[in-house]
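Trainee: This is the structure, below, for whatever I ask next.
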Amino acid sequence: MSTETLDALQYQHQQVMLRFDEFSRLLYAADQRAATQESLVSLIVEIGMHFGFEESLMEAGDYAEFDHHRRQHLGIMTELGLMVDRLESGLGLSELARGVDFLRHWYEQHMDSSDCALEAWLRLRS
């Protein structure tokens with residue numbers, strides 16, 4: 001795997017984390033429900049593009065853990081979709097904050113375990 005590809009993965013991880021931070025910040029800001037919804041959609045788009053990039057690398061490299069890794073991606077995307085529903089239904093901000101804290105933590109753990117394993121595997125294959 002090229003250095004540029006690894007750099008792209010790291011950059012995408014950083015961008016997703018920035019989107020999580022922006023969404024969390026807006027959850028606590030007064031009168032920001034519309035901006036919060038836009039921020040959540042932006043997070044979903046960013047993480048979706050990143051997952052698509054990762055999955056294309058896994059598929060092209062015939063990654064042995066592809067199905068498991070992809071199921072993890074589908075799980076968080078489902079949870080983010082449910083968060084959109086909760087936000088649109090007017091769920092309290094404290095409940096939404098707990099949800100985003102959980103998802104942010106999940107994503108950090110995913111980067112530290114599954115994504116690190118993927119990167120190591122891709123390095124060995126290059």
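Please note that chains go A, B, ... in the order of the structure tokens, that every chain numbers its residues from 1, and that ligands are numbered from 1 in the order shown.
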Could you build a table of the residues in stretch 39-119 of chain A lying no more than 7 Å from stretch 16-29 of chain A, giving for each the nearest pair of atoms and their separation in Å rounded to one decimal place, using only C-alpha atoms, ordered by chain and ascending residue number, as a Markdown table?

Mentor:
```
| residue | atom | partner | partner_atom | distance |
| --- | --- | --- | --- | --- |
| A:Ser39 | CA | A:Phe23 | CA | 5.4 |
| A:Leu40 | CA | A:Phe23 | CA | 6.0 |
| A:Leu43 | CA | A:Arg19 | CA | 5.1 |
| A:Glu46 | CA | A:Val16 | CA | 6.0 |
| A:Ile47 | CA | A:Val16 | CA | 5.8 |
| A:Leu93 | CA | A:Leu27 | CA | 6.3 |
| A:Ala97 | CA | A:Ser24 | CA | 6.7 |
| A:Val100 | CA | A:Ser24 | CA | 6.9 |
| A:Arg104 | CA | A:Phe20 | CA | 6.5 |
```

Trainee: Put those residues in a file: C-alpha atoms, as a PDB file, in the first residue's frame.

Mentor:
```pdb
ATOM      1  CA  SER A  39     -23.889  18.699  11.338  1.00  0.00           C
ATOM      2  CA  LEU A  40     -25.176  15.164  11.869  1.00  0.00           C
ATOM      3  CA  LEU A  43     -20.925  13.470   9.906  1.00  0.00           C
ATOM      4  CA  GLU A  46     -18.020  11.995   5.962  1.00  0.00           C
ATOM      5  CA  ILE A  47     -18.041   8.637   7.711  1.00  0.00           C
ATOM      6  CA  LEU A  93     -30.363  16.852  24.049  1.00  0.00           C
ATOM      7  CA  ALA A  97     -25.394  13.643  23.754  1.00  0.00           C
ATOM      8  CA  VAL A 100     -23.111  10.641  20.232  1.00  0.00           C
ATOM      9  CA  ARG A 104     -17.674   8.605  19.111  1.00  0.00           C
TER      10      ARG A 104
END
```

Trainee: Using only C-alpha atoms, determine which residues lie at most 12 Å from A:His110, disregarding the query and same-chain residues fewer than 4 positions distant; provide the list as a list in words.

Mentor: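 Near A:His110, the qualifying residues are His13, Phe51, His68, His69, Arg70, Arg71, Gln72, His73, Gly75, Ile76, Leu103, Arg104, His105, Trp106, Ser114, Asp115, Cys116, Ala117 and Leu118 of chain A.
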
Trainee: Based on the selection just made, write N, CA and C atoms of those residues as a CSV table (one decimal), in the first residue's frame.

Mentor:
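Saved to result_19.csv:
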```
chain,number,residue,atom,x,y,z
A,13,HIS,N,-9.8,9.7,9.0
A,13,HIS,CA,-10.1,9.4,10.4
A,13,HIS,C,-10.2,10.8,11.2
A,51,PHE,N,-15.9,5.0,5.0
A,51,PHE,CA,-16.1,3.6,5.0
A,51,PHE,C,-16.1,3.0,3.6
A,68,HIS,N,-16.6,-9.1,8.4
A,68,HIS,CA,-16.7,-8.6,9.8
A,68,HIS,C,-16.5,-7.1,9.9
A,69,HIS,N,-15.5,-6.6,9.2
A,69,HIS,CA,-15.2,-5.2,9.2
A,69,HIS,C,-16.4,-4.4,8.6
A,70,ARG,N,-16.9,-4.9,7.5
A,70,ARG,CA,-18.1,-4.2,6.9
A,70,ARG,C,-19.3,-4.2,7.8
A,71,ARG,N,-19.5,-5.3,8.5
A,71,ARG,CA,-20.7,-5.3,9.4
A,71,ARG,C,-20.5,-4.3,10.5
A,72,GLN,N,-19.3,-4.0,11.0
A,72,GLN,CA,-19.1,-3.0,11.9
A,72,GLN,C,-19.5,-1.6,11.3
A,73,HIS,N,-19.1,-1.4,10.1
A,73,HIS,CA,-19.4,-0.1,9.4
A,73,HIS,C,-21.0,0.0,9.3
A,75,GLY,N,-23.2,-1.3,11.2
A,75,GLY,CA,-23.7,-1.1,12.5
A,75,GLY,C,-23.7,0.4,12.9
A,76,ILE,N,-22.6,1.1,12.7
A,76,ILE,CA,-22.6,2.5,13.2
A,76,ILE,C,-23.4,3.3,12.2
A,103,LEU,N,-21.2,6.7,20.3
A,103,LEU,CA,-20.8,6.4,18.9
A,103,LEU,C,-19.4,7.0,18.6
A,104,ARG,N,-19.0,8.1,19.2
A,104,ARG,CA,-17.7,8.6,19.1
A,104,ARG,C,-16.7,7.6,19.7
A,105,HIS,N,-17.0,7.1,20.9
A,105,HIS,CA,-16.2,6.2,21.6
A,105,HIS,C,-16.0,4.9,20.7
A,106,TRP,N,-17.2,4.4,20.2
A,106,TRP,CA,-17.2,3.2,19.3
A,106,TRP,C,-16.2,3.5,18.2
A,114,SER,N,-9.9,-2.4,14.7
A,114,SER,CA,-10.1,-2.9,13.3
A,114,SER,C,-9.4,-2.2,12.2
A,115,ASP,N,-9.3,-0.9,12.3
A,115,ASP,CA,-8.6,-0.1,11.3
A,115,ASP,C,-7.1,-0.3,11.4
A,116,CYS,N,-6.6,-0.4,12.6
A,116,CYS,CA,-5.1,-0.6,12.7
A,116,CYS,C,-4.8,-2.0,12.1
A,117,ALA,N,-5.6,-3.0,12.4
A,117,ALA,CA,-5.4,-4.3,11.8
A,117,ALA,C,-5.5,-4.3,10.3
A,118,LEU,N,-6.4,-3.6,9.8
A,118,LEU,CA,-6.5,-3.4,8.3
A,118,LEU,C,-5.3,-2.7,7.7
```

Trainee: Give me the residues near A:Val84 as a list in words, where near means some atom within 8 Å (using only C-alpha atoms) and where sequence neighbours in that chain fewer than 2 positions away do not count.

Mentor: Gln37, Leu40, Val41, Leu80, Gly81, Leu82, Arg86, Leu87 and Glu88 of chain A

Trainee: Given the selection you just returned, output its residues as a file containing C-alpha atoms, formatted as a CSV table (one decimal), in the first residue's frame.

Mentor:
```
chain,number,residue,atom,x,y,z
A,37,GLN,CA,-29.2,18.3,12.1
A,40,LEU,CA,-25.2,15.2,11.9
A,41,VAL,CA,-25.8,14.8,8.1
A,80,LEU,CA,-26.3,7.3,13.0
A,81,GLY,CA,-29.5,6.9,11.0
A,82,LEU,CA,-31.4,6.3,14.2
A,86,ARG,CA,-34.2,10.9,17.3
A,87,LEU,CA,-33.1,14.4,16.5
A,88,GLU,CA,-36.0,15.0,14.2
```

Trainee: Using only C-alpha atoms, determine which residues lie at most 12 Å from A:Leu6, disregarding the query and same-chain residues fewer than 2 positions distant; provide the list as JSON, numbers by chain.

Mentor: {"A": [1, 2, 3, 4, 8, 9, 10, 11, 12, 13, 53, 54, 57, 115, 116, 118, 119, 120, 121, 122, 123, 126]}

Trainee: Can I get the selection written as a PDB file, in the first residue's frame, with C-alpha atoms?

Mentor:
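Output file again.pdb is given in full below:
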```pdb
ATOM      1  CA  MET A   1       0.000   0.000   0.000  1.00  0.00           C
ATOM      2  CA  SER A   2       1.303   3.425  -0.870  1.00  0.00           C
ATOM      3  CA  THR A   3       2.133   6.051   1.704  1.00  0.00           C
ATOM      4  CA  GLU A   4      -0.457   8.293   0.055  1.00  0.00           C
ATOM      5  CA  ALA A   8      -5.558   9.353   3.126  1.00  0.00           C
ATOM      6  CA  LEU A   9      -6.897   6.873   5.700  1.00  0.00           C
ATOM      7  CA  GLN A  10      -5.408   8.885   8.564  1.00  0.00           C
ATOM      8  CA  TYR A  11      -6.731  12.150   7.140  1.00  0.00           C
ATOM      9  CA  GLN A  12     -10.212  10.659   6.814  1.00  0.00           C
ATOM     10  CA  HIS A  13     -10.098   9.444  10.424  1.00  0.00           C
ATOM     11  CA  PHE A  53     -12.879   4.060   0.775  1.00  0.00           C
ATOM     12  CA  GLU A  54     -11.860   1.470   3.365  1.00  0.00           C
ATOM     13  CA  LEU A  57      -9.291  -1.153  -0.248  1.00  0.00           C
ATOM     14  CA  ASP A 115      -8.641  -0.106  11.290  1.00  0.00           C
ATOM     15  CA  CYS A 116      -5.148  -0.647  12.712  1.00  0.00           C
ATOM     16  CA  LEU A 118      -6.528  -3.410   8.318  1.00  0.00           C
ATOM     17  CA  GLU A 119      -3.664  -0.959   7.869  1.00  0.00           C
ATOM     18  CA  ALA A 120      -1.133  -3.518   9.094  1.00  0.00           C
ATOM     19  CA  TRP A 121      -2.546  -6.108   6.703  1.00  0.00           C
ATOM     20  CA  LEU A 122      -2.460  -3.671   3.793  1.00  0.00           C
ATOM     21  CA  ARG A 123       1.163  -2.757   4.573  1.00  0.00           C
ATOM     22  CA  SER A 126       2.174  -3.966  -0.577  1.00  0.00           C
TER      23      SER A 126
END
```

Trainee: Taking only stretch 1-124 of chain A into account, list the residues labelled alpha helix (DSSP H) by DSSP (computed from the backbone), as number ranges by chain.

Mentor: A: 3-28, 33-60, 66-88, 93-110, 116-124

Trainee: Could you tell me which of A:Asp31, A:Glu95, A:Glu55, A:Gly48 comes closest to A:Asp67 if we count only C-alpha atoms?

Mentor: A:Glu55

Trainee: Determine the nearest neighbour of A:Ser56 from the options A:Ser42, A:Thr78, A:Asp85, A:Thr5, counting only C-alpha atoms.

Mentor: A:Thr5

Trainee: A:Gln109, A:Arg125, A:His50, A:Gly99: which is nearest A:Gln14, counting only C-alpha atoms?

Mentor: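 Using only C-alpha atoms, A:Gln14 sits closest to A:His50.
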
Trainee: Could you work out how far atom CA of A:Ser94 lies from atom CA of A:Asp112, giving the answer in Å with one decimal?

Mentor: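 Taking atom CA of A:Asp112 as the start and atom CA of A:Ser94 as the end point, the length is 26.9 Å.
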